[in-house]
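See below for coords.cif, which holds mmCIF, C-alpha atoms and all ligand atoms.
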```
data_query
loop_
_atom_site.group_PDB
_atom_site.id
_atom_site.type_symbol
_atom_site.label_atom_id
_atom_site.label_comp_id
_atom_site.auth_asym_id
_atom_site.auth_seq_id
_atom_site.Cartn_x
_atom_site.Cartn_y
_atom_site.Cartn_z
ATOM 1 C CA MET A 1 116.106 48.644 128.041
ATOM 2 C CA LEU A 2 118.537 51.498 128.369
ATOM 3 C CA ARG A 3 117.931 54.555 130.453
ATOM 4 C CA LYS A 4 120.808 56.923 130.414
ATOM 5 C CA ARG A 5 120.758 59.672 132.969
ATOM 6 C CA SER A 6 121.598 63.086 131.629
ATOM 7 C CA ASP A 7 124.422 63.729 134.050
ATOM 8 C CA ALA A 8 126.587 65.734 131.648
ATOM 9 C CA ALA A 9 126.160 69.445 132.214
ATOM 10 C CA GLY A 10 123.514 70.857 129.921
ATOM 11 C CA PRO A 11 121.453 74.026 129.750
ATOM 12 C CA VAL A 12 119.000 72.773 132.354
ATOM 13 C CA GLU A 13 117.725 75.810 134.150
ATOM 14 C CA VAL A 14 115.837 76.181 137.383
ATOM 15 C CA ARG A 15 112.328 76.546 135.936
ATOM 16 C CA GLY A 16 112.811 73.303 134.005
ATOM 17 C CA ALA A 17 114.216 71.402 136.974
ATOM 18 C CA ARG A 18 111.323 72.522 139.212
ATOM 19 C CA LEU A 19 108.822 71.459 136.575
ATOM 20 C CA ALA A 20 110.471 68.047 136.276
ATOM 21 C CA ASP A 21 110.128 67.698 140.074
ATOM 22 C CA GLU A 22 106.408 68.473 139.814
ATOM 23 C CA PHE A 23 106.037 65.834 137.088
ATOM 24 C CA ASP A 24 107.918 63.391 139.360
ATOM 25 C CA ARG A 25 105.286 64.034 142.036
ATOM 26 C CA ALA A 26 102.424 63.635 139.534
ATOM 27 C CA ALA A 27 103.798 60.451 137.948
ATOM 28 C CA ASP A 28 102.070 57.859 140.178
ATOM 29 C CA ARG A 29 98.593 59.096 139.220
ATOM 30 C CA TYR A 30 99.332 60.284 135.674
ATOM 31 C CA ASP A 31 98.057 57.207 133.798
ATOM 32 C CA LEU A 32 94.930 56.997 135.961
ATOM 33 C CA LEU A 33 94.042 60.639 135.337
ATOM 34 C CA THR A 34 94.599 60.363 131.583
ATOM 35 C CA ARG A 35 92.290 57.305 131.535
ATOM 36 C CA LEU A 36 89.607 59.550 133.026
ATOM 37 C CA ASN A 37 90.107 62.123 130.255
ATOM 38 C CA PRO A 38 87.772 61.215 127.402
ATOM 39 C CA GLY A 39 89.609 61.295 124.121
ATOM 40 C CA TYR A 40 93.178 61.525 125.474
ATOM 41 C CA HIS A 41 94.350 58.156 124.185
ATOM 42 C CA ARG A 42 92.343 58.436 120.985
ATOM 43 C CA ALA A 43 94.004 61.786 120.214
ATOM 44 C CA LEU A 44 97.470 60.305 120.765
ATOM 45 C CA ARG A 45 96.688 57.327 118.539
ATOM 46 C CA THR A 46 95.257 59.521 115.773
ATOM 47 C CA ALA A 47 98.303 61.826 115.775
ATOM 48 C CA ALA A 48 100.717 58.873 115.796
ATOM 49 C CA ARG A 49 98.879 57.264 112.863
ATOM 50 C CA GLU A 50 98.936 60.531 110.912
ATOM 51 C CA LEU A 51 102.676 60.840 111.461
ATOM 52 C CA VAL A 52 103.466 57.222 110.615
ATOM 53 C CA SER A 53 101.283 57.172 107.489
ATOM 54 C CA ARG A 54 103.354 60.043 106.077
ATOM 55 C CA LEU A 55 106.599 58.231 106.910
ATOM 56 C CA THR A 56 105.692 54.850 105.471
ATOM 57 C CA ARG A 57 104.460 56.570 102.301
ATOM 58 C CA ARG A 58 107.963 57.911 101.744
ATOM 59 C CA SER A 59 110.176 55.150 103.153
ATOM 60 C CA GLY A 60 108.130 52.039 102.271
ATOM 61 C CA ALA A 61 108.282 48.945 104.441
ATOM 62 C CA GLY A 62 110.897 48.368 107.132
ATOM 63 C CA PRO A 63 111.265 49.501 110.718
ATOM 64 C CA LEU A 64 110.910 53.212 111.338
ATOM 65 C CA THR A 65 113.204 55.251 113.580
ATOM 66 C CA LEU A 66 111.303 57.686 115.760
ATOM 67 C CA TRP A 67 111.705 60.161 118.599
ATOM 68 C CA ASP A 68 109.072 60.496 121.295
ATOM 69 C CA LEU A 69 109.943 63.806 122.920
ATOM 70 C CA GLY A 70 108.378 64.413 126.327
ATOM 71 C CA CYS A 71 107.405 60.720 126.355
ATOM 72 C CA GLY A 72 106.335 60.840 130.019
ATOM 73 C CA SER A 73 105.003 57.494 131.252
ATOM 74 C CA GLY A 74 105.142 56.046 127.736
ATOM 75 C CA LEU A 75 101.533 56.608 126.612
ATOM 76 C CA SER A 76 102.642 58.454 123.474
ATOM 77 C CA THR A 77 105.401 55.852 122.956
ATOM 78 C CA ARG A 78 102.751 53.133 122.970
ATOM 79 C CA ALA A 79 100.657 55.112 120.462
ATOM 80 C CA LEU A 80 103.723 55.390 118.196
ATOM 81 C CA LEU A 81 104.450 51.662 118.383
ATOM 82 C CA ASP A 82 100.821 50.767 117.714
ATOM 83 C CA ALA A 83 101.003 52.893 114.567
ATOM 84 C CA ALA A 84 104.532 52.002 113.427
ATOM 85 C CA GLY A 85 104.713 48.334 114.428
ATOM 86 C CA GLU A 86 106.551 46.557 117.221
ATOM 87 C CA ASP A 87 109.799 46.555 115.230
ATOM 88 C CA ALA A 88 110.045 50.369 115.227
ATOM 89 C CA ARG A 89 113.089 51.895 116.921
ATOM 90 C CA VAL A 90 111.927 54.585 119.319
ATOM 91 C CA VAL A 91 113.906 56.803 121.665
ATOM 92 C CA GLY A 92 111.666 58.308 124.328
ATOM 93 C CA LEU A 93 113.116 61.400 125.989
ATOM 94 C CA ASP A 94 111.772 63.041 129.127
ATOM 95 C CA ALA A 95 113.073 65.350 131.850
ATOM 96 C CA SER A 96 111.232 63.612 134.689
ATOM 97 C CA GLY A 97 112.796 60.498 136.210
ATOM 98 C CA GLY A 98 109.482 59.733 137.929
ATOM 99 C CA MET A 99 107.555 59.712 134.659
ATOM 100 C CA LEU A 100 110.266 57.610 133.005
ATOM 101 C CA SER A 101 110.135 55.049 135.834
ATOM 102 C CA HIS A 102 106.498 54.438 134.939
ATOM 103 C CA ALA A 103 107.403 54.164 131.259
ATOM 104 C CA GLU A 104 110.143 51.648 132.001
ATOM 105 C CA ALA A 105 107.858 49.537 134.166
ATOM 106 C CA LYS A 106 105.770 48.757 131.076
ATOM 107 C CA SER A 107 106.589 46.040 128.607
ATOM 108 C CA TRP A 108 108.415 47.164 125.439
ATOM 109 C CA PRO A 109 110.037 45.521 122.440
ATOM 110 C CA SER A 110 113.819 45.690 122.223
ATOM 111 C CA GLY A 111 113.867 48.700 119.883
ATOM 112 C CA VAL A 112 112.508 51.074 122.554
ATOM 113 C CA ARG A 113 114.890 53.089 124.744
ATOM 114 C CA PHE A 114 114.268 55.840 127.271
ATOM 115 C CA VAL A 115 116.563 58.749 128.045
ATOM 116 C CA GLN A 116 116.267 61.231 130.868
ATOM 117 C CA ALA A 117 117.085 64.649 129.442
ATOM 118 C CA PHE A 118 115.617 68.032 128.687
ATOM 119 C CA ALA A 119 114.433 68.648 125.129
ATOM 120 C CA GLN A 120 116.750 71.669 125.188
ATOM 121 C CA ASP A 121 119.616 69.137 125.250
ATOM 122 C CA LEU A 122 118.323 67.198 122.258
ATOM 123 C CA PRO A 123 121.338 67.831 119.968
ATOM 124 C CA ARG A 124 123.717 66.389 122.587
ATOM 125 C CA VAL A 125 121.413 63.442 123.368
ATOM 126 C CA ALA A 126 121.061 62.671 119.647
ATOM 127 C CA ARG A 127 124.855 62.671 119.259
ATOM 128 C CA GLU A 128 125.311 60.388 122.256
ATOM 129 C CA HIS A 129 122.653 57.954 121.069
ATOM 130 C CA GLY A 130 123.587 58.105 117.393
ATOM 131 C CA GLN A 131 120.034 59.009 116.435
ATOM 132 C CA HIS A 132 120.156 62.202 114.361
ATOM 133 C CA ASP A 133 118.540 60.955 111.155
ATOM 134 C CA ALA A 134 115.235 59.610 112.444
ATOM 135 C CA ASP A 135 112.311 59.165 110.072
ATOM 136 C CA GLY A 136 110.073 61.205 112.336
ATOM 137 C CA ALA A 137 109.496 62.818 115.716
ATOM 138 C CA PHE A 138 106.422 63.063 117.934
ATOM 139 C CA ALA A 139 106.132 65.582 120.760
ATOM 140 C CA ALA A 140 102.834 65.356 122.641
ATOM 141 C CA TYR A 141 102.323 68.005 125.334
ATOM 142 C CA LEU A 142 105.990 69.004 125.342
ATOM 143 C CA LEU A 143 106.597 72.381 123.730
ATOM 144 C CA ARG A 144 104.289 74.337 126.081
ATOM 145 C CA ASN A 145 106.543 73.212 128.937
ATOM 146 C CA VAL A 146 109.655 74.630 127.293
ATOM 147 C CA PRO A 147 110.261 78.283 128.277
ATOM 148 C CA GLU A 148 109.021 80.572 125.507
ATOM 149 C CA ASP A 149 112.458 81.990 124.714
ATOM 150 C CA GLN A 150 113.822 78.465 124.108
ATOM 151 C CA ARG A 151 111.004 77.116 121.931
ATOM 152 C CA ASP A 152 112.472 78.221 118.599
ATOM 153 C CA ASP A 153 115.714 76.431 119.469
ATOM 154 C CA VAL A 154 113.847 73.266 120.467
ATOM 155 C CA VAL A 155 111.797 73.302 117.239
ATOM 156 C CA ALA A 156 115.027 73.716 115.248
ATOM 157 C CA ALA A 157 116.651 70.873 117.216
ATOM 158 C CA ILE A 158 113.690 68.575 116.509
ATOM 159 C CA ARG A 159 113.925 69.474 112.804
ATOM 160 C CA ASP A 160 117.639 68.628 112.820
ATOM 161 C CA GLN A 161 117.066 65.179 114.345
ATOM 162 C CA VAL A 162 114.823 63.987 111.522
ATOM 163 C CA GLU A 163 116.296 63.309 108.127
ATOM 164 C CA PRO A 164 115.499 65.579 105.170
ATOM 165 C CA GLY A 165 111.974 64.723 104.026
ATOM 166 C CA GLY A 166 111.086 63.422 107.510
ATOM 167 C CA TRP A 167 108.019 64.520 109.455
ATOM 168 C CA ILE A 168 107.326 66.002 112.877
ATOM 169 C CA ALA A 169 104.008 65.843 114.765
ATOM 170 C CA LEU A 170 103.293 68.187 117.668
ATOM 171 C CA GLN A 171 100.189 67.808 119.799
ATOM 172 C CA ASP A 172 99.145 70.097 122.619
ATOM 173 C CA TYR A 173 96.458 72.341 124.058
ATOM 174 C CA HIS A 174 96.306 76.038 123.269
ATOM 175 C CA VAL A 175 93.463 78.534 123.625
ATOM 176 C CA LYS A 176 95.049 81.959 123.134
ATOM 177 C CA ASP A 177 92.829 84.342 121.105
ATOM 178 C CA ARG A 178 89.876 81.912 121.458
ATOM 179 C CA ARG A 179 87.287 83.111 123.986
ATOM 180 C CA VAL A 180 85.013 80.064 123.963
ATOM 181 C CA ALA A 181 87.936 77.627 124.081
ATOM 182 C CA THR A 182 89.478 79.562 126.997
ATOM 183 C CA ALA A 183 86.189 79.436 128.912
ATOM 184 C CA VAL A 184 85.700 75.696 128.289
ATOM 185 C CA TRP A 185 89.319 74.992 129.231
ATOM 186 C CA THR A 186 88.935 76.944 132.491
ATOM 187 C CA VAL A 187 85.730 75.111 133.438
ATOM 188 C CA VAL A 188 87.259 71.702 132.627
ATOM 189 C CA CYS A 189 90.419 72.401 134.631
ATOM 190 C CA TRP A 190 88.926 74.049 137.716
ATOM 191 C CA GLY A 191 85.639 72.119 137.710
ATOM 192 C CA VAL A 192 86.832 68.626 136.780
ATOM 193 C CA VAL A 193 90.585 68.025 136.500
ATOM 194 C CA MET A 194 91.765 69.683 139.725
ATOM 195 C CA PRO A 195 89.004 68.180 141.924
ATOM 196 C CA LEU A 196 89.689 64.759 140.351
ATOM 197 C CA SER A 197 93.403 65.076 141.040
ATOM 198 C CA VAL A 198 92.575 65.691 144.726
ATOM 199 C CA VAL A 199 90.208 62.689 144.826
ATOM 200 C CA VAL A 200 92.815 60.310 143.363
ATOM 201 C CA ARG A 201 95.563 61.882 145.513
ATOM 202 C CA GLY A 202 97.502 63.143 142.513
ATOM 203 C CA ASN A 203 99.504 66.376 142.452
ATOM 204 C CA PRO A 204 97.015 69.295 142.114
ATOM 205 C CA ALA A 205 99.933 71.734 141.671
ATOM 206 C CA ILE A 206 100.741 70.246 138.273
ATOM 207 C CA TYR A 207 97.133 70.675 137.162
ATOM 208 C CA ARG A 208 97.046 74.330 138.260
ATOM 209 C CA TYR A 209 100.224 74.694 136.222
ATOM 210 C CA LEU A 210 98.540 72.819 133.340
ATOM 211 C CA TRP A 211 95.679 75.348 133.289
ATOM 212 C CA ARG A 212 97.982 78.398 133.359
ATOM 213 C CA SER A 213 100.494 77.012 130.863
ATOM 214 C CA VAL A 214 97.760 76.266 128.317
ATOM 215 C CA VAL A 215 96.234 79.743 128.746
ATOM 216 C CA ASP A 216 99.708 81.229 128.142
ATOM 217 C CA ASN A 217 100.718 78.773 125.402
ATOM 218 C CA ASP A 218 101.507 79.883 121.842
ATOM 219 C CA SER A 219 98.472 80.528 119.670
ATOM 220 C CA THR A 220 98.092 78.690 116.367
ATOM 221 C CA ALA A 221 99.598 81.706 114.571
ATOM 222 C CA GLN A 222 102.575 81.872 116.952
ATOM 223 C CA LEU A 223 103.386 78.173 116.616
ATOM 224 C CA GLN A 224 102.871 78.308 112.855
ATOM 225 C CA ALA A 225 105.435 81.161 112.766
ATOM 226 C CA ARG A 226 107.913 79.099 114.802
ATOM 227 C CA LEU A 227 107.562 76.167 112.405
ATOM 228 C CA GLU A 228 108.040 78.467 109.419
ATOM 229 C CA ARG A 229 111.098 80.102 111.021
ATOM 230 C CA ALA A 230 112.553 76.592 111.344
ATOM 231 C CA GLY A 231 112.062 76.158 107.593
ATOM 232 C CA LEU A 232 109.461 73.398 107.992
ATOM 233 C CA THR A 233 106.974 72.875 105.177
ATOM 234 C CA GLY A 234 103.712 71.026 104.489
ATOM 235 C CA ILE A 235 102.300 72.423 107.748
ATOM 236 C CA THR A 236 98.855 70.909 108.413
ATOM 237 C CA TRP A 237 96.632 71.616 111.425
ATOM 238 C CA ARG A 238 93.807 69.602 112.951
ATOM 239 C CA THR A 239 91.805 70.247 116.096
ATOM 240 C CA GLY A 240 90.381 67.733 118.582
ATOM 241 C CA THR A 241 86.827 66.432 118.850
ATOM 242 C CA GLY A 242 84.197 66.708 121.617
ATOM 243 C CA TRP A 243 85.149 69.046 124.474
ATOM 244 C CA GLN A 244 88.680 69.320 123.034
ATOM 245 C CA ARG A 245 87.491 71.073 119.849
ATOM 246 C CA GLY A 246 89.387 74.338 119.463
ATOM 247 C CA ILE A 247 91.525 73.434 122.514
ATOM 248 C CA LEU A 248 93.611 70.432 121.450
ATOM 249 C CA HIS A 249 95.652 70.968 118.313
ATOM 250 C CA THR A 250 97.814 68.638 116.266
ATOM 251 C CA VAL A 251 100.208 69.991 113.680
ATOM 252 C CA LEU A 252 102.271 68.021 111.195
ATOM 253 C CA ALA A 253 105.260 69.557 109.452
ATOM 254 C CA ARG A 254 108.021 68.314 107.219
ATOM 255 C CA ARG A 255 111.745 68.944 107.044
ATOM 256 C CA PRO A 256 112.354 69.865 103.392
ATOM 257 C CA GLN A 257 114.401 67.476 101.259
ATOM 258 C CA ALA A 258 117.046 70.158 100.896
ATOM 259 C CA ASP A 259 117.522 72.705 103.679
ATOM 260 C CA PRO A 260 117.448 76.329 102.479
ATOM 261 C CA ALA A 261 121.001 77.573 101.786
HETATM 262 C C1 LIG B 301 101.793 65.967 129.885
HETATM 263 S S1 LIG B 301 103.194 64.900 129.846
HETATM 264 C C2 LIG B 301 102.971 64.081 128.286
HETATM 265 C C3 LIG B 301 103.588 62.728 128.268
HETATM 266 C C4 LIG B 301 103.320 61.916 127.010
HETATM 267 N N1 LIG B 301 103.848 62.544 125.824
HETATM 268 C C5 LIG B 301 101.834 61.660 126.853
HETATM 269 O O1 LIG B 301 101.292 62.086 125.833
HETATM 270 O O2 LIG B 301 101.226 61.043 127.718
HETATM 271 C C6 LIG B 301 104.496 66.059 129.492
HETATM 272 C C7 LIG B 301 105.852 65.455 129.698
HETATM 273 O O3 LIG B 301 106.838 66.382 129.218
HETATM 274 C C8 LIG B 301 107.953 66.328 130.095
HETATM 275 N N2 LIG B 301 108.694 67.590 129.951
HETATM 276 C C9 LIG B 301 108.308 68.824 130.318
HETATM 277 N N3 LIG B 301 109.235 69.736 129.966
HETATM 278 C C10 LIG B 301 110.225 69.037 129.361
HETATM 279 C C11 LIG B 301 111.452 69.398 128.755
HETATM 280 N N4 LIG B 301 111.842 70.684 128.696
HETATM 281 N N5 LIG B 301 112.221 68.438 128.227
HETATM 282 C C12 LIG B 301 111.832 67.136 128.278
HETATM 283 N N6 LIG B 301 110.689 66.723 128.836
HETATM 284 C C13 LIG B 301 109.888 67.667 129.364
HETATM 285 C C14 LIG B 301 107.367 66.116 131.471
HETATM 286 O O4 LIG B 301 108.322 65.567 132.371
HETATM 287 C C15 LIG B 301 106.195 65.190 131.161
HETATM 288 O O5 LIG B 301 106.536 63.845 131.326
#
```

Output the structure of this file as structure tokens.
Ligand SMILES: C[S@@+](CC[C@H](N)C(=O)[O-])C[C@H]1O[C@@H](n2cnc3c(N)ncnc32)[C@H](O)[C@@H]1O
Amino acid sequence: MLRKRSDAAGPVEVRGARLADEFDRAADRYDLLTRLNPGYHRALRTAARELVSRLTRRSGAGPLTLWDLGCGSGLSTRALLDAAGEDARVVGLDASGGMLSHAEAKSWPSGVRFVQAFAQDLPRVAREHGQHDADGAFAAYLLRNVPEDQRDDVVAAIRDQVEPGGWIALQDYHVKDRRVATAVWTVVCWGVVMPLSVVVRGNPAIYRYLWRSVVDNDSTAQLQARLERAGLTGITWRTGTGWQRGILHTVLARRPQADPA
């Protein structure tokens, strides 16, 4: 297993570094808290299967090459492998060394590698790891954590790391312009998630941040516009089930076979 530290200078700015520190502090209790979140793992598995089914339809049999951006403790990486098969080649990228330590402590087939880097540095990481023509990319709960003025660049970088015709799946919470979803999200965070994080001695600061960042996150229309600005096509949305309806959103989008001139 290779973990390459991102020690080359990159555009890692203070907000991002502070956030990575908070994720480091949350890492020990991250898997426990996600196990207590009904539907979290199911949503990851469903999104991974949706992504992989599109890829195998176009590339046939054979190992797939995938990115898992914002892979954290490896839960989304596991969902990708379960969907794509143990022979898939997956590079998991994350800014938090603490989260990656938990990912690395799990058991993985030889095609899985983890890299500590910011998504904003994806073009450089892809060059260094020779992975710029992946079949697909998954980013679960990543883009909201990227500062708003850098999100278009990150979406474009993700597009560039999958080959023409390849697919991208993004999964995250957003509630902007949705009054009921905002109210449910607020009750879940302040009434359940934050108290639970205190009980299990997690890092409540990251869950206060979680609440705020979801409230401020791009709306469906804003993210749709970002994907369109990146020239992605075949954009398909799906929302979560149960309490996550209207709050959790998964979007699939395709890099066109030929990029617009
Ligand atoms: C909520 S976790 C999700 C982890 C995993 N994808 C999952 O579904 O369980 C979000 C992850 O994104 C990482 N992250 C946040 N901002 C990032 C950035 N700009 N670049 C890379 N990783 C980032 C955090 O360190 C954290 O591990």

Protein and nucleic acid residues within 7 Å of ligand LIG 301 (chain B) (all atoms listed in the file) as an mmCIF file with C-alpha atoms, in the frame of the given file:
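The file below, result_24.cif, is the result:
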```cif
data_model
loop_
_atom_site.group_PDB
_atom_site.id
_atom_site.type_symbol
_atom_site.label_atom_id
_atom_site.label_comp_id
_atom_site.auth_asym_id
_atom_site.auth_seq_id
_atom_site.Cartn_x
_atom_site.Cartn_y
_atom_site.Cartn_z
ATOM 1 C CA GLY A 16 112.811 73.303 134.005
ATOM 2 C CA LEU A 19 108.822 71.459 136.575
ATOM 3 C CA ALA A 20 110.471 68.047 136.276
ATOM 4 C CA PHE A 23 106.037 65.834 137.088
ATOM 5 C CA LEU A 44 97.470 60.305 120.765
ATOM 6 C CA LEU A 69 109.943 63.806 122.920
ATOM 7 C CA GLY A 70 108.378 64.413 126.327
ATOM 8 C CA CYS A 71 107.405 60.720 126.355
ATOM 9 C CA GLY A 72 106.335 60.840 130.019
ATOM 10 C CA SER A 73 105.003 57.494 131.252
ATOM 11 C CA GLY A 74 105.142 56.046 127.736
ATOM 12 C CA LEU A 75 101.533 56.608 126.612
ATOM 13 C CA SER A 76 102.642 58.454 123.474
ATOM 14 C CA LEU A 93 113.116 61.400 125.989
ATOM 15 C CA ASP A 94 111.772 63.041 129.127
ATOM 16 C CA ALA A 95 113.073 65.350 131.850
ATOM 17 C CA SER A 96 111.232 63.612 134.689
ATOM 18 C CA MET A 99 107.555 59.712 134.659
ATOM 19 C CA ALA A 117 117.085 64.649 129.442
ATOM 20 C CA PHE A 118 115.617 68.032 128.687
ATOM 21 C CA ALA A 119 114.433 68.648 125.129
ATOM 22 C CA GLN A 120 116.750 71.669 125.188
ATOM 23 C CA ALA A 139 106.132 65.582 120.760
ATOM 24 C CA ALA A 140 102.834 65.356 122.641
ATOM 25 C CA TYR A 141 102.323 68.005 125.334
ATOM 26 C CA LEU A 142 105.990 69.004 125.342
ATOM 27 C CA ASN A 145 106.543 73.212 128.937
ATOM 28 C CA VAL A 146 109.655 74.630 127.293
#
```

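Taken over the whole file, the PyMOL selection byres (((chain A and resi 194-211) around 8) and not hetatm) covers exactly Glu22, Phe23, Arg25, Ala26, Asp28, Arg29, Tyr30, Leu33, Trp185, Thr186, Cys189, Trp190, Gly191, Val192, Val193, Arg212, Ser213, Val214 and Val215 of chain A.
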
Those same residues, written as a PDB file, in the coordinates of the input with C-alpha atoms?
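That gives us selection.pdb:
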```pdb
ATOM      1  CA  GLU A  22     106.408  68.473 139.814  1.00  0.00           C
ATOM      2  CA  PHE A  23     106.037  65.834 137.088  1.00  0.00           C
ATOM      3  CA  ARG A  25     105.286  64.034 142.036  1.00  0.00           C
ATOM      4  CA  ALA A  26     102.424  63.635 139.534  1.00  0.00           C
ATOM      5  CA  ASP A  28     102.070  57.859 140.178  1.00  0.00           C
ATOM      6  CA  ARG A  29      98.593  59.096 139.220  1.00  0.00           C
ATOM      7  CA  TYR A  30      99.332  60.284 135.674  1.00  0.00           C
ATOM      8  CA  LEU A  33      94.042  60.639 135.337  1.00  0.00           C
ATOM      9  CA  TRP A 185      89.319  74.992 129.231  1.00  0.00           C
ATOM     10  CA  THR A 186      88.935  76.944 132.491  1.00  0.00           C
ATOM     11  CA  CYS A 189      90.419  72.401 134.631  1.00  0.00           C
ATOM     12  CA  TRP A 190      88.926  74.049 137.716  1.00  0.00           C
ATOM     13  CA  GLY A 191      85.639  72.119 137.710  1.00  0.00           C
ATOM     14  CA  VAL A 192      86.832  68.626 136.780  1.00  0.00           C
ATOM     15  CA  VAL A 193      90.585  68.025 136.500  1.00  0.00           C
ATOM     16  CA  ARG A 212      97.982  78.398 133.359  1.00  0.00           C
ATOM     17  CA  SER A 213     100.494  77.012 130.863  1.00  0.00           C
ATOM     18  CA  VAL A 214      97.760  76.266 128.317  1.00  0.00           C
ATOM     19  CA  VAL A 215      96.234  79.743 128.746  1.00  0.00           C
TER      20      VAL A 215
END
```

Excluding A:Gln150 and any residue of its chain fewer than 2 positions from it, enumerate the residues within 12 Å of it, using all atoms listed in the file, and give them as a ChimeraX atom specification.
/A:11-13,16,118-121,143-148,152-157,226

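The interatomic distance for the pair atom CA of A:Pro38 and atom CA of A:Gly242 works out to 8.7 Å.
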
Using all atoms listed in the file, which residue out of A:Leu64, A:Val188, A:Ala221, A:Leu227 lies closest to A:Gln244?
A:Val188

For the file shown, what are the residues hit by the PyMOL selection byres (((chain A and resi 45-48) around 7) and not hetatm), laid out as JSON, numbers by chain?
{"A": [41, 42, 43, 44, 49, 50, 51, 52, 79, 80, 83, 250]}

Closest to A:Gln222 among A:Gly246, A:Gln171, A:Arg18, A:Arg151, using all atoms listed in the file?
A:Arg151

Counting all atoms listed in the file, figure out which residue out of A:His132, A:Val112, A:Gly97, A:Ser219 gets nearest to A:Ala17.
A:Gly97

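Note that atom CA of A:Ser110 and atom CA of A:Asp87 are 8.1 Å apart.
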
Counting only C-alpha atoms, the residue of A:Thr236, A:Pro123, A:Val180, A:Gly98 that sits nearest A:Asp21
A:Gly98

Could I see stretch 68-85 of chain A restored to N, CA and C atoms, set down as a compact mmCIF listing (two decimals), in the coordinates of the input?
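Written file, selection_17.txt:
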```
# COMPACT_ATOMS: atom_id res chain seq x y z
N ASP A 68 110.27 60.11 120.54
CA ASP A 68 109.07 60.50 121.30
C ASP A 68 109.55 61.48 122.36
N LEU A 69 109.36 62.75 122.08
CA LEU A 69 109.94 63.81 122.92
C LEU A 69 108.92 64.24 123.97
N GLY A 70 109.34 64.20 125.24
CA GLY A 70 108.38 64.41 126.33
C GLY A 70 107.50 63.18 126.44
N CYS A 71 108.14 62.01 126.43
CA CYS A 71 107.40 60.72 126.36
C CYS A 71 106.66 60.41 127.64
N GLY A 72 107.03 61.05 128.76
CA GLY A 72 106.34 60.84 130.02
C GLY A 72 106.32 59.38 130.44
N SER A 73 105.14 58.88 130.77
CA SER A 73 105.00 57.49 131.25
C SER A 73 104.87 56.51 130.10
N GLY A 74 105.11 56.96 128.88
CA GLY A 74 105.14 56.05 127.74
C GLY A 74 103.82 55.91 126.98
N LEU A 75 102.82 56.74 127.32
CA LEU A 75 101.53 56.61 126.61
C LEU A 75 101.68 56.99 125.14
N SER A 76 102.43 58.05 124.88
CA SER A 76 102.64 58.45 123.47
C SER A 76 103.58 57.47 122.77
N THR A 77 104.51 56.87 123.53
CA THR A 77 105.40 55.85 122.96
C THR A 77 104.57 54.65 122.50
N ARG A 78 103.62 54.26 123.32
CA ARG A 78 102.75 53.13 122.97
C ARG A 78 101.93 53.48 121.71
N ALA A 79 101.44 54.70 121.65
CA ALA A 79 100.66 55.11 120.46
C ALA A 79 101.54 55.04 119.21
N LEU A 80 102.80 55.45 119.35
CA LEU A 80 103.72 55.39 118.20
C LEU A 80 103.95 53.95 117.76
N LEU A 81 104.20 53.07 118.73
CA LEU A 81 104.45 51.66 118.38
C LEU A 81 103.22 51.03 117.75
N ASP A 82 102.04 51.34 118.28
CA ASP A 82 100.82 50.77 117.71
C ASP A 82 100.68 51.18 116.25
N ALA A 83 101.11 52.41 115.95
CA ALA A 83 101.00 52.89 114.57
C ALA A 83 102.14 52.36 113.69
N ALA A 84 103.34 52.29 114.25
CA ALA A 84 104.53 52.00 113.43
C ALA A 84 104.91 50.53 113.42
N GLY A 85 104.36 49.76 114.35
CA GLY A 85 104.71 48.33 114.43
C GLY A 85 105.73 48.10 115.54
```
